[in-house]
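J.: Let me begin by handing over the structure; questions about it come next.
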Amino acid sequence: VESVAVLAALAGAPERREAVEKALAATGRPEAAEALAAMGAWNNAEAWAALGEAAAPALASRIRAGGDARDAAFRAAGWARPAALVPELARLLPRAATREDAARALRAIGGQKATEALALAASGTDDAVTAALRSPEGRAALEKRMLDARVKPLDRGRAARTLGLLGDAEAVAALERALVAPEVRAEAVAALGAIGSDKAVPSLAALLGDRKSRSAAASALARIGSPDAIPALAAAARDRSFSDEAVRAIAAIESPRSVPFLLDALANRETAVL
(Lines give C-alpha, C1' and ligand atoms only; values in the text may rest on other atoms or scores of the structure.)
Protein backbone atom coordinates (compact mmCIF):
# COMPACT_ATOMS: atom_id res chain seq x y z
CA VAL A 1 0.00 0.00 0.00
CA GLU A 2 2.84 2.39 0.85
CA SER A 3 4.48 1.73 -2.50
CA VAL A 4 1.22 2.61 -4.26
CA ALA A 5 1.03 5.88 -2.34
CA VAL A 6 4.62 6.73 -3.26
CA LEU A 7 4.02 6.00 -6.93
CA ALA A 8 0.82 8.05 -6.97
CA ALA A 9 2.72 10.99 -5.47
CA LEU A 10 5.25 10.79 -8.30
CA ALA A 11 2.56 11.06 -10.95
CA GLY A 12 2.49 14.84 -10.67
CA ALA A 13 5.54 15.10 -12.91
CA PRO A 14 4.40 14.79 -16.55
CA GLU A 15 7.61 13.13 -17.66
CA ARG A 16 7.09 10.38 -15.09
CA ARG A 17 3.38 9.80 -15.62
CA GLU A 18 3.63 6.95 -18.13
CA ALA A 19 6.19 5.10 -16.05
CA VAL A 20 4.15 5.65 -12.89
CA GLU A 21 0.98 4.32 -14.48
CA LYS A 22 2.84 1.22 -15.63
CA ALA A 23 4.39 0.72 -12.20
CA LEU A 24 1.02 1.12 -10.47
CA ALA A 25 -0.54 -1.48 -12.72
CA ALA A 26 2.33 -3.85 -12.02
CA THR A 27 1.48 -3.88 -8.31
CA GLY A 28 -1.82 -5.62 -9.09
CA ARG A 29 -3.48 -4.01 -6.09
CA PRO A 30 -6.97 -2.46 -5.77
CA GLU A 31 -5.33 0.66 -4.36
CA ALA A 32 -3.41 1.03 -7.61
CA ALA A 33 -6.68 1.01 -9.55
CA GLU A 34 -8.01 3.73 -7.24
CA ALA A 35 -4.84 5.75 -7.88
CA LEU A 36 -5.15 5.36 -11.66
CA ALA A 37 -8.78 6.44 -11.50
CA ALA A 38 -7.92 9.44 -9.36
CA MET A 39 -5.19 10.39 -11.85
CA GLY A 40 -7.68 10.17 -14.71
CA ALA A 41 -5.61 7.50 -16.42
CA TRP A 42 -8.65 6.09 -18.19
CA ASN A 43 -7.07 5.70 -21.61
CA ASN A 44 -4.24 3.44 -20.52
CA ALA A 45 -5.66 0.15 -21.77
CA GLU A 46 -2.48 -1.73 -20.95
CA ALA A 47 -2.55 -0.62 -17.32
CA TRP A 48 -6.18 -1.57 -16.76
CA ALA A 49 -5.67 -4.91 -18.49
CA ALA A 50 -2.72 -5.61 -16.19
CA LEU A 51 -4.80 -4.84 -13.09
CA GLY A 52 -7.54 -7.27 -14.06
CA GLU A 53 -9.68 -8.34 -11.10
CA ALA A 54 -7.98 -5.80 -8.83
CA ALA A 55 -9.69 -3.04 -10.81
CA ALA A 56 -13.22 -4.14 -9.87
CA PRO A 57 -13.76 -2.04 -6.70
CA ALA A 58 -12.51 1.18 -8.28
CA LEU A 59 -14.53 0.65 -11.43
CA ALA A 60 -17.70 -0.27 -9.50
CA SER A 61 -17.52 2.90 -7.42
CA ARG A 62 -17.11 5.10 -10.53
CA ILE A 63 -19.94 3.33 -12.33
CA ARG A 64 -22.22 3.97 -9.36
CA ALA A 65 -21.15 7.61 -9.24
CA GLY A 66 -22.34 8.28 -12.78
CA GLY A 67 -21.27 11.13 -15.04
CA ASP A 68 -18.11 11.16 -17.12
CA ALA A 69 -16.34 8.87 -14.67
CA ARG A 70 -18.94 6.19 -15.28
CA ASP A 71 -18.44 6.34 -19.04
CA ALA A 72 -14.69 6.02 -18.58
CA ALA A 73 -15.11 3.16 -16.12
CA PHE A 74 -17.26 1.21 -18.58
CA ARG A 75 -14.47 1.51 -21.14
CA ALA A 76 -11.81 0.46 -18.63
CA ALA A 77 -13.94 -2.51 -17.58
CA GLY A 78 -13.66 -3.85 -21.11
CA TRP A 79 -9.88 -3.81 -20.77
CA ALA A 80 -9.60 -5.09 -17.19
CA ARG A 81 -12.35 -7.71 -17.64
CA PRO A 82 -12.91 -8.29 -13.91
CA ALA A 83 -15.45 -11.05 -13.25
CA ALA A 84 -16.24 -9.46 -9.89
CA LEU A 85 -17.82 -6.54 -11.75
CA VAL A 86 -20.47 -8.71 -13.44
CA PRO A 87 -23.20 -8.22 -10.77
CA GLU A 88 -22.81 -4.44 -10.91
CA LEU A 89 -23.02 -4.41 -14.70
CA ALA A 90 -25.96 -6.82 -14.75
CA ARG A 91 -27.87 -4.47 -12.46
CA LEU A 92 -27.54 -1.73 -15.09
CA LEU A 93 -28.82 -3.74 -18.07
CA PRO A 94 -32.52 -2.91 -17.51
CA ARG A 95 -31.79 0.83 -17.55
CA ALA A 96 -31.95 2.50 -20.96
CA ALA A 97 -29.20 4.98 -20.08
CA THR A 98 -26.66 2.28 -19.22
CA ARG A 99 -27.88 -0.80 -21.13
CA GLU A 100 -25.56 -0.46 -24.13
CA ASP A 101 -22.38 0.28 -22.17
CA ALA A 102 -23.09 -2.45 -19.62
CA ALA A 103 -23.78 -4.99 -22.38
CA ARG A 104 -20.52 -4.18 -24.13
CA ALA A 105 -18.55 -4.47 -20.91
CA LEU A 106 -20.17 -7.80 -20.06
CA ARG A 107 -19.36 -9.15 -23.49
CA ALA A 108 -15.74 -8.09 -23.08
CA ILE A 109 -15.54 -9.72 -19.64
CA GLY A 110 -17.05 -12.93 -20.94
CA GLY A 111 -17.47 -16.12 -18.98
CA GLN A 112 -20.56 -18.00 -17.86
CA LYS A 113 -21.87 -15.46 -15.35
CA ALA A 114 -21.56 -12.53 -17.77
CA THR A 115 -23.24 -14.48 -20.57
CA GLU A 116 -26.08 -15.63 -18.31
CA ALA A 117 -26.64 -12.03 -17.18
CA LEU A 118 -26.96 -10.95 -20.80
CA ALA A 119 -29.36 -13.81 -21.61
CA LEU A 120 -31.46 -12.89 -18.60
CA ALA A 121 -31.75 -9.32 -19.92
CA ALA A 122 -32.52 -10.29 -23.53
CA SER A 123 -35.66 -8.48 -24.66
CA GLY A 124 -36.14 -10.05 -28.08
CA THR A 125 -35.31 -6.78 -29.82
CA ASP A 126 -32.31 -5.92 -31.95
CA ASP A 127 -30.34 -4.01 -29.34
CA ALA A 128 -26.95 -3.97 -27.61
CA VAL A 129 -27.76 -7.00 -25.46
CA THR A 130 -28.60 -9.06 -28.53
CA ALA A 131 -25.35 -7.96 -30.16
CA ALA A 132 -23.43 -8.93 -27.03
CA LEU A 133 -24.94 -12.42 -27.17
CA ARG A 134 -23.68 -13.05 -30.70
CA SER A 135 -21.40 -15.98 -29.84
CA PRO A 136 -21.73 -19.74 -29.34
CA GLU A 137 -21.83 -19.15 -25.59
CA GLY A 138 -24.55 -16.53 -25.96
CA ARG A 139 -26.61 -18.81 -28.16
CA ALA A 140 -26.29 -21.65 -25.66
CA ALA A 141 -27.38 -19.43 -22.77
CA LEU A 142 -30.46 -18.30 -24.69
CA GLU A 143 -31.32 -21.87 -25.66
CA LYS A 144 -31.09 -22.96 -22.04
CA ARG A 145 -33.36 -20.14 -20.91
CA MET A 146 -35.90 -20.77 -23.68
CA LEU A 147 -36.17 -24.48 -22.88
CA ASP A 148 -36.33 -24.09 -19.10
CA ALA A 149 -39.95 -24.70 -18.05
CA ARG A 150 -39.27 -22.94 -14.74
CA VAL A 151 -38.74 -19.64 -16.56
CA LYS A 152 -41.77 -17.44 -17.16
CA PRO A 153 -43.30 -17.93 -20.63
CA LEU A 154 -42.81 -14.25 -21.46
CA ASP A 155 -39.08 -14.51 -20.81
CA ARG A 156 -38.80 -17.82 -22.67
CA GLY A 157 -40.44 -16.13 -25.65
CA ARG A 158 -37.96 -13.27 -25.46
CA ALA A 159 -35.10 -15.75 -25.54
CA ALA A 160 -36.60 -17.42 -28.62
CA ARG A 161 -37.04 -14.10 -30.41
CA THR A 162 -33.46 -13.16 -29.60
CA LEU A 163 -32.26 -16.44 -31.12
CA GLY A 164 -34.15 -15.52 -34.27
CA LEU A 165 -32.43 -12.15 -34.36
CA LEU A 166 -29.02 -13.78 -33.99
CA GLY A 167 -29.76 -15.81 -37.11
CA ASP A 168 -27.51 -18.71 -36.13
CA ALA A 169 -28.57 -21.96 -37.82
CA GLU A 170 -27.02 -23.86 -34.91
CA ALA A 171 -30.05 -22.76 -32.86
CA VAL A 172 -32.52 -24.62 -35.10
CA ALA A 173 -32.40 -27.85 -33.08
CA ALA A 174 -33.20 -26.09 -29.80
CA LEU A 175 -35.97 -24.06 -31.40
CA GLU A 176 -37.48 -27.24 -32.81
CA ARG A 177 -37.48 -28.69 -29.30
CA ALA A 178 -39.35 -25.61 -28.13
CA LEU A 179 -42.15 -26.27 -30.62
CA VAL A 180 -43.65 -28.86 -28.26
CA ALA A 181 -44.31 -26.16 -25.64
CA PRO A 182 -47.50 -24.24 -26.52
CA GLU A 183 -46.46 -21.26 -24.37
CA VAL A 184 -43.39 -20.56 -26.51
CA ARG A 185 -44.31 -22.21 -29.82
CA ALA A 186 -45.30 -19.02 -31.66
CA GLU A 187 -42.00 -17.33 -30.84
CA ALA A 188 -40.02 -20.44 -31.79
CA VAL A 189 -41.82 -20.68 -35.14
CA ALA A 190 -41.12 -17.03 -35.89
CA ALA A 191 -37.48 -17.46 -34.89
CA LEU A 192 -37.08 -20.44 -37.22
CA GLY A 193 -38.48 -18.34 -40.05
CA ALA A 194 -36.11 -15.50 -39.22
CA ILE A 195 -33.08 -17.81 -39.22
CA GLY A 196 -34.13 -19.10 -42.63
CA SER A 197 -32.53 -22.53 -42.51
CA ASP A 198 -33.86 -25.34 -44.70
CA LYS A 199 -33.26 -27.67 -41.76
CA ALA A 200 -36.40 -26.30 -40.10
CA VAL A 201 -38.73 -27.10 -43.00
CA PRO A 202 -39.90 -30.56 -41.81
CA SER A 203 -40.71 -29.33 -38.30
CA LEU A 204 -42.60 -26.31 -39.58
CA ALA A 205 -44.41 -28.35 -42.23
CA ALA A 206 -45.65 -30.66 -39.50
CA LEU A 207 -47.39 -27.70 -37.86
CA LEU A 208 -49.50 -27.01 -40.94
CA GLY A 209 -51.98 -29.53 -39.60
CA ASP A 210 -52.37 -27.60 -36.35
CA ARG A 211 -55.09 -24.98 -36.68
CA LYS A 212 -53.56 -22.82 -33.95
CA SER A 213 -50.08 -22.81 -35.46
CA ARG A 214 -50.51 -23.25 -39.19
CA SER A 215 -50.70 -19.57 -40.11
CA ALA A 216 -47.44 -18.82 -38.32
CA ALA A 217 -45.86 -21.97 -39.77
CA ALA A 218 -46.86 -21.00 -43.31
CA SER A 219 -45.41 -17.52 -42.85
CA ALA A 220 -42.17 -19.00 -41.54
CA LEU A 221 -41.95 -21.43 -44.45
CA ALA A 222 -42.55 -18.59 -46.89
CA ARG A 223 -39.77 -16.61 -45.26
CA ILE A 224 -37.36 -19.53 -45.48
CA GLY A 225 -38.26 -19.93 -49.15
CA SER A 226 -37.26 -23.55 -49.56
CA PRO A 227 -38.92 -25.48 -52.43
CA ASP A 228 -39.01 -28.47 -50.09
CA ALA A 229 -41.92 -26.80 -48.30
CA ILE A 230 -44.14 -26.64 -51.40
CA PRO A 231 -45.68 -30.15 -51.19
CA ALA A 232 -46.72 -29.67 -47.57
CA LEU A 233 -48.16 -26.23 -48.30
CA ALA A 234 -50.02 -27.57 -51.33
CA ALA A 235 -51.53 -30.32 -49.20
CA ALA A 236 -52.55 -27.77 -46.58
CA ALA A 237 -54.17 -25.64 -49.31
CA ARG A 238 -56.80 -28.33 -49.82
CA ASP A 239 -58.44 -27.06 -46.64
CA ARG A 240 -60.62 -24.23 -47.92
CA SER A 241 -60.39 -22.37 -44.64
CA PHE A 242 -56.61 -22.20 -45.06
CA SER A 243 -56.13 -22.28 -48.82
CA ASP A 244 -55.52 -18.54 -49.22
CA GLU A 245 -52.68 -18.48 -46.69
CA ALA A 246 -51.11 -21.65 -48.02
CA VAL A 247 -51.15 -20.39 -51.62
CA ARG A 248 -49.64 -17.06 -50.56
CA ALA A 249 -46.82 -18.97 -48.91
CA ILE A 250 -46.24 -21.02 -52.07
CA ALA A 251 -46.22 -17.84 -54.14
CA ALA A 252 -43.51 -16.40 -51.91
CA ILE A 253 -41.20 -19.32 -52.70
CA GLU A 254 -39.29 -18.53 -55.87
CA SER A 255 -39.02 -21.92 -57.51
CA PRO A 256 -40.24 -23.59 -60.71
CA ARG A 257 -41.71 -26.27 -58.47
CA SER A 258 -44.35 -23.82 -57.27
CA VAL A 259 -45.73 -23.11 -60.76
CA PRO A 260 -48.13 -26.10 -61.07
CA PHE A 261 -49.66 -25.37 -57.70
CA LEU A 262 -50.06 -21.68 -58.48
CA LEU A 263 -51.67 -22.43 -61.86
CA ASP A 264 -54.10 -24.73 -60.12
CA ALA A 265 -54.91 -21.96 -57.63
CA LEU A 266 -55.55 -19.52 -60.50
CA ALA A 267 -57.89 -22.00 -62.11
CA ASN A 268 -59.85 -22.22 -58.89
CA ARG A 269 -61.48 -18.82 -58.65
CA GLU A 270 -62.44 -19.46 -55.03
CA THR A 271 -58.75 -18.91 -54.20
CA ALA A 272 -58.06 -15.43 -55.51
CA VAL A 273 -54.97 -14.44 -53.63
CA LEU A 274 -52.31 -14.04 -56.34
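By order of appearance in the C-alpha coordinates: chains A, B, ..., then residues from 1 within every chain, and ligands from 1 in the order shown.
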Residues near Trp42 (chain A), anyone? I mean within 12 Å using only C-alpha atoms, not counting same-chain ones fewer than 3 positions away, as number ranges by chain.
T.: A: 21, 33-39, 45-49, 55, 58-59, 62, 68-80
J.: Using only C-alpha atoms, pick whichever of A:Leu147, A:Ala32, A:Leu92, A:Val259 has the shortest atom-to-atom distance to Arg185 (chain A).
T.: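 Residue with the minimum atom-to-atom distance to Arg185 (chain A): A:Leu147.
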J.: Residues within 9 Å of region 164-181 of chain A, please, as a VMD selection string. Count only C-alpha atoms; anything in the same chain fewer than 5 positions from it doesn't count.
T.: chain A and resid 124 to 126 130 to 131 133 to 136 139 to 140 143 to 144 146 to 147 149 159 186 to 197 199 to 200 203 to 204
J.: Could you pull the residues within 10 Å of Ala83 (chain A), counting only C-alpha atoms, minus those fewer than 6 positions along the same chain, as an NGL selection string?
T.: :A and (52-53 or 56 or 77 or 106 or 109-114)
J.: What is the distance between CA of Ile63 (chain A) and CA of Thr27 (chain A), in Å to one decimal?
T.: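 That distance, rounded to one decimal, is 23.0 Å.
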J.: Write down as an NGL selection string the residues belonging to region 219-267 of chain A that are assigned helix (DSSP H, G or I) by DSSP computed on the backbone.
T.: :A and (219-224 or 227-236 or 243-252 or 256-267)
J.: Deliver the residues from the most recent selection as a file, using N, CA, C and O atoms, as a short mmCIF file (atom, residue, chain, number, x, y, z; two decimals), in the first residue's frame.
T.:
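Generated file (again_5.cif):
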data_model
loop_
_atom_site.label_atom_id
_atom_site.label_comp_id
_atom_site.auth_asym_id
_atom_site.auth_seq_id
_atom_site.Cartn_x
_atom_site.Cartn_y
_atom_site.Cartn_z
N SER A 219 -46.19 -18.76 -42.71
CA SER A 219 -45.41 -17.52 -42.85
C SER A 219 -43.92 -17.81 -42.71
O SER A 219 -43.10 -17.26 -43.46
N ALA A 220 -43.57 -18.66 -41.74
CA ALA A 220 -42.17 -19.00 -41.54
C ALA A 220 -41.61 -19.76 -42.74
O ALA A 220 -40.48 -19.50 -43.19
N LEU A 221 -42.39 -20.67 -43.28
CA LEU A 221 -41.95 -21.43 -44.45
C LEU A 221 -41.78 -20.51 -45.66
O LEU A 221 -40.84 -20.65 -46.44
N ALA A 222 -42.68 -19.55 -45.80
CA ALA A 222 -42.55 -18.59 -46.89
C ALA A 222 -41.28 -17.77 -46.74
O ALA A 222 -40.59 -17.46 -47.72
N ARG A 223 -40.97 -17.42 -45.51
CA ARG A 223 -39.77 -16.61 -45.26
C ARG A 223 -38.50 -17.41 -45.54
O ARG A 223 -37.52 -16.88 -46.08
N ILE A 224 -38.52 -18.68 -45.18
CA ILE A 224 -37.36 -19.53 -45.48
C ILE A 224 -37.19 -19.68 -46.98
O ILE A 224 -36.07 -19.65 -47.51
N PRO A 227 -37.97 -24.71 -51.61
CA PRO A 227 -38.92 -25.48 -52.43
C PRO A 227 -39.39 -26.76 -51.75
O PRO A 227 -40.46 -27.28 -52.09
N ASP A 228 -38.62 -27.24 -50.79
CA ASP A 228 -39.01 -28.47 -50.09
C ASP A 228 -40.31 -28.30 -49.31
O ASP A 228 -40.94 -29.29 -48.92
N ALA A 229 -40.70 -27.04 -49.06
CA ALA A 229 -41.92 -26.80 -48.30
C ALA A 229 -43.17 -26.82 -49.17
O ALA A 229 -44.29 -26.88 -48.66
N ILE A 230 -42.99 -26.78 -50.48
CA ILE A 230 -44.14 -26.64 -51.40
C ILE A 230 -45.13 -27.80 -51.29
O ILE A 230 -46.34 -27.56 -51.20
N PRO A 231 -44.70 -29.07 -51.29
CA PRO A 231 -45.68 -30.15 -51.19
C PRO A 231 -46.55 -30.07 -49.93
O PRO A 231 -47.77 -30.28 -50.00
N ALA A 232 -45.95 -29.76 -48.82
CA ALA A 232 -46.72 -29.67 -47.57
C ALA A 232 -47.70 -28.51 -47.62
O ALA A 232 -48.84 -28.61 -47.15
N LEU A 233 -47.27 -27.38 -48.17
CA LEU A 233 -48.16 -26.23 -48.30
C LEU A 233 -49.29 -26.52 -49.27
O LEU A 233 -50.45 -26.11 -49.05
N ALA A 234 -48.98 -27.21 -50.36
CA ALA A 234 -50.02 -27.57 -51.33
C ALA A 234 -51.06 -28.49 -50.70
O ALA A 234 -52.27 -28.35 -50.95
N ALA A 235 -50.59 -29.42 -49.88
CA ALA A 235 -51.53 -30.32 -49.20
C ALA A 235 -52.40 -29.53 -48.22
O ALA A 235 -53.62 -29.78 -48.11
N ALA A 236 -51.79 -28.58 -47.53
CA ALA A 236 -52.55 -27.77 -46.58
C ALA A 236 -53.57 -26.88 -47.29
O ALA A 236 -54.61 -26.53 -46.73
N SER A 243 -56.72 -22.26 -47.49
CA SER A 243 -56.13 -22.28 -48.82
C SER A 243 -55.47 -20.96 -49.20
O SER A 243 -54.40 -20.94 -49.81
N ASP A 244 -56.09 -19.84 -48.85
CA ASP A 244 -55.52 -18.54 -49.22
C ASP A 244 -54.12 -18.36 -48.63
O ASP A 244 -53.18 -17.96 -49.33
N GLU A 245 -53.99 -18.66 -47.35
CA GLU A 245 -52.68 -18.48 -46.69
C GLU A 245 -51.65 -19.45 -47.26
O GLU A 245 -50.48 -19.07 -47.46
N ALA A 246 -52.05 -20.66 -47.50
CA ALA A 246 -51.11 -21.65 -48.02
C ALA A 246 -50.62 -21.27 -49.41
O ALA A 246 -49.42 -21.37 -49.72
N VAL A 247 -51.54 -20.78 -50.26
CA VAL A 247 -51.15 -20.39 -51.62
C VAL A 247 -50.25 -19.16 -51.58
O VAL A 247 -49.30 -19.05 -52.36
N ARG A 248 -50.53 -18.24 -50.69
CA ARG A 248 -49.64 -17.06 -50.56
C ARG A 248 -48.22 -17.51 -50.20
O ARG A 248 -47.23 -16.96 -50.70
N ALA A 249 -48.14 -18.48 -49.30
CA ALA A 249 -46.82 -18.97 -48.91
C ALA A 249 -46.11 -19.63 -50.09
O ALA A 249 -44.90 -19.42 -50.29
N ILE A 250 -46.85 -20.40 -50.89
CA ILE A 250 -46.24 -21.02 -52.07
C ILE A 250 -45.77 -19.96 -53.04
O ILE A 250 -44.68 -20.05 -53.63
N ALA A 251 -46.57 -18.91 -53.21
CA ALA A 251 -46.22 -17.84 -54.14
C ALA A 251 -44.95 -17.11 -53.71
O ALA A 251 -44.22 -16.56 -54.55
N ALA A 252 -44.69 -17.09 -52.42
CA ALA A 252 -43.51 -16.40 -51.91
C ALA A 252 -42.23 -17.19 -52.15
O ALA A 252 -41.12 -16.64 -52.02
N PRO A 256 -39.39 -23.02 -59.67
CA PRO A 256 -40.24 -23.59 -60.71
C PRO A 256 -41.21 -24.63 -60.17
O PRO A 256 -42.28 -24.87 -60.76
N ARG A 257 -40.86 -25.24 -59.06
CA ARG A 257 -41.71 -26.27 -58.47
C ARG A 257 -43.04 -25.71 -57.97
O ARG A 257 -44.00 -26.46 -57.77
N SER A 258 -43.10 -24.41 -57.76
CA SER A 258 -44.35 -23.82 -57.27
C SER A 258 -45.36 -23.56 -58.39
O SER A 258 -46.56 -23.39 -58.13
N VAL A 259 -44.88 -23.52 -59.64
CA VAL A 259 -45.73 -23.11 -60.76
C VAL A 259 -46.98 -23.97 -60.90
O VAL A 259 -48.10 -23.43 -61.02
N PRO A 260 -46.90 -25.30 -60.91
CA PRO A 260 -48.13 -26.10 -61.07
C PRO A 260 -49.18 -25.81 -60.00
O PRO A 260 -50.38 -25.74 -60.29
N PHE A 261 -48.72 -25.62 -58.79
CA PHE A 261 -49.66 -25.37 -57.70
C PHE A 261 -50.30 -23.99 -57.83
O PHE A 261 -51.49 -23.81 -57.54
N LEU A 262 -49.53 -23.01 -58.30
CA LEU A 262 -50.06 -21.68 -58.48
C LEU A 262 -51.04 -21.63 -59.67
O LEU A 262 -52.07 -20.93 -59.61
N LEU A 263 -50.74 -22.37 -60.73
CA LEU A 263 -51.67 -22.43 -61.86
C LEU A 263 -52.99 -23.06 -61.44
O LEU A 263 -54.07 -22.62 -61.85
N ASP A 264 -52.89 -24.08 -60.61
CA ASP A 264 -54.10 -24.73 -60.12
C ASP A 264 -54.92 -23.76 -59.27
O ASP A 264 -56.16 -23.74 -59.35
N ALA A 265 -54.21 -22.93 -58.46
CA ALA A 265 -54.91 -21.96 -57.63
C ALA A 265 -55.60 -20.90 -58.49
O ALA A 265 -56.71 -20.45 -58.19
N LEU A 266 -54.95 -20.50 -59.59
CA LEU A 266 -55.55 -19.52 -60.50
C LEU A 266 -56.80 -20.09 -61.17
O LEU A 266 -57.78 -19.37 -61.42
N ALA A 267 -56.75 -21.37 -61.46
CA ALA A 267 -57.89 -22.00 -62.11
C ALA A 267 -59.09 -22.09 -61.17
O ALA A 267 -60.25 -22.11 -61.60
#
J.: Please determine, counting only C-alpha atoms, which residue among A:Asp198, A:Gly157, A:Ala121, A:Thr115 has the shortest atom-to-atom distance to Arg91 (chain A).
T.: A:Ala121
J.: What gap, in Å, lies between CA of Arg99 (chain A) and CA of Thr162 (chain A)?
T.: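 Distance reported for this atom pair: 16.0 Å.
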